[in-house]
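Asker: Got a structure for you, written out below as structure tokens; questions coming shortly.
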Amino acid sequence: MKLLAVSALVCAVVVLTNAAGDRDLFKRQSGEWTVVGNRQYLYVDYPQTWSQAEQNCHQLGGQLASVHSHFDNHQIGLLVTRMTGGNPKVWLGGSDQHREGNWGWSDGSSMNFKNWCPGEPNNTNNQDCLQMNYSSGQCWDDYQCSEQLPSVCWKSK
């Protein structure tokens, strides 16, 4: 009887450990939320598709970052640099998936500030999602939403 109880306990621990590992992988992040003005930003180092990154931000209490000024863009760039030591490409919340050429933010706000790299967005091979740090100057590029990149989330302070 004791062997049966121990076996059941071991099985339960294995199941719970695997479940926790999946949950932690889905919510993997680097550091803590960084407060900038009335917003908080979070760099998520786990590469995901754009929709997975957006879903992950929701799970963490936020959304993929929207950018409304040069200051916002610069602060997000500084956060990514501080967390990585470089300027890797990252997902932001911009997309034209709903209507080609009509870019907006996944949080529903309008795209009143733009920092496209020269010649972008170009929609090569149906690129519908916005990545930052495509080249120097922390500029933006349209990219295939199915590619996997780290991301930046935001939420209100």
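By convention here, the chains of the structure tokens are called A, B, ... in the order presented, each chain's residues are numbered starting at 1, and ligands are numbered starting at 1 in the order presented.
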If we count only C-alpha atoms, what is near Leu78 of chain A at a cut-off of 12 Å, once residues fewer than 4 positions away on the same chain are taken out, given as a ChimeraX atom specification?

Answerer: /A:34,36,41-43,71-74,82-88,133,137-138,152

Asker: Can you write out the residues you just picked, keeping N, CA and C atoms, as a short mmCIF file (atom, residue, chain, number, x, y, z; two decimals), in the first residue's frame?

Answerer:
```cif
data_model
loop_
_atom_site.label_atom_id
_atom_site.label_comp_id
_atom_site.auth_asym_id
_atom_site.auth_seq_id
_atom_site.Cartn_x
_atom_site.Cartn_y
_atom_site.Cartn_z
N THR A 34 9.27 48.04 -16.34
CA THR A 34 10.00 49.30 -16.21
C THR A 34 9.02 50.45 -16.39
N VAL A 36 7.88 54.10 -17.22
CA VAL A 36 8.27 55.28 -18.01
C VAL A 36 7.02 56.14 -18.12
N TYR A 41 6.80 49.06 -19.23
CA TYR A 41 7.24 48.22 -20.34
C TYR A 41 7.95 46.98 -19.81
N LEU A 42 7.87 45.90 -20.59
CA LEU A 42 8.52 44.65 -20.23
C LEU A 42 9.13 44.03 -21.48
N TYR A 43 10.41 43.73 -21.42
CA TYR A 43 11.07 43.00 -22.50
C TYR A 43 10.88 41.51 -22.26
N PHE A 71 9.93 59.84 -28.02
CA PHE A 71 10.34 59.51 -26.66
C PHE A 71 10.00 58.05 -26.34
N ASP A 72 8.76 57.63 -26.63
CA ASP A 72 8.35 56.23 -26.39
C ASP A 72 9.29 55.28 -27.14
N ASN A 73 9.53 55.57 -28.41
CA ASN A 73 10.38 54.72 -29.23
C ASN A 73 11.78 54.62 -28.64
N HIS A 74 12.30 55.75 -28.22
CA HIS A 74 13.64 55.79 -27.63
C HIS A 74 13.69 54.99 -26.32
N ARG A 82 19.31 47.65 -22.72
CA ARG A 82 19.70 47.35 -21.34
C ARG A 82 19.51 45.87 -21.03
N MET A 83 18.45 45.27 -21.54
CA MET A 83 18.15 43.87 -21.24
C MET A 83 19.01 42.89 -22.04
N THR A 84 19.45 43.31 -23.22
CA THR A 84 20.15 42.37 -24.11
C THR A 84 21.61 42.72 -24.37
N GLY A 85 21.98 43.96 -24.12
CA GLY A 85 23.33 44.39 -24.46
C GLY A 85 23.49 44.71 -25.94
N GLY A 86 22.37 44.73 -26.67
CA GLY A 86 22.41 45.02 -28.10
C GLY A 86 21.08 45.55 -28.57
N ASN A 87 20.83 45.44 -29.85
CA ASN A 87 19.57 45.91 -30.43
C ASN A 87 18.92 44.82 -31.28
N PRO A 88 18.49 43.71 -30.65
CA PRO A 88 17.85 42.66 -31.45
C PRO A 88 16.49 43.13 -31.97
N ASN A 133 13.96 47.75 -34.57
CA ASN A 133 15.41 47.49 -34.64
C ASN A 133 15.79 46.74 -35.91
N GLY A 137 19.10 53.19 -35.74
CA GLY A 137 18.10 54.20 -35.45
C GLY A 137 16.81 53.65 -34.86
N GLN A 138 16.81 52.37 -34.47
CA GLN A 138 15.64 51.75 -33.86
C GLN A 138 14.40 51.90 -34.73
N VAL A 152 8.17 43.31 -26.81
CA VAL A 152 8.03 44.30 -25.73
C VAL A 152 6.56 44.49 -25.46
#
```

Asker: When DSSP works through the backbone of this structure, what residues of chain A end up as helix (DSSP H, G or I), shown as a PyMOL selection string?

Answerer: chain A and resi 2-26+50-59+70-84+136-138

Asker: As a ChimeraX atom specification, please: every residue in chain A that a backbone DSSP assignment puts in strand (DSSP E or B).

Answerer: /A:34-36,39-48,63-64,90-95,104-105,116,129-132,140-143,149-156

Asker: Can you pull out the residues contacting segment 125-129 of chain A? Cut-off 8 Å, using only C-alpha atoms, and skip same-chain residues under 2 positions away; I want them as a ChimeraX atom specification.

Answerer: /A:50,91,93-97,100,122-123,131,142-145

Asker: Distance atom CA of Glu32 of chain A-atom CA of Asn112 of chain A, one decimal place?

Answerer: 27.8 Å
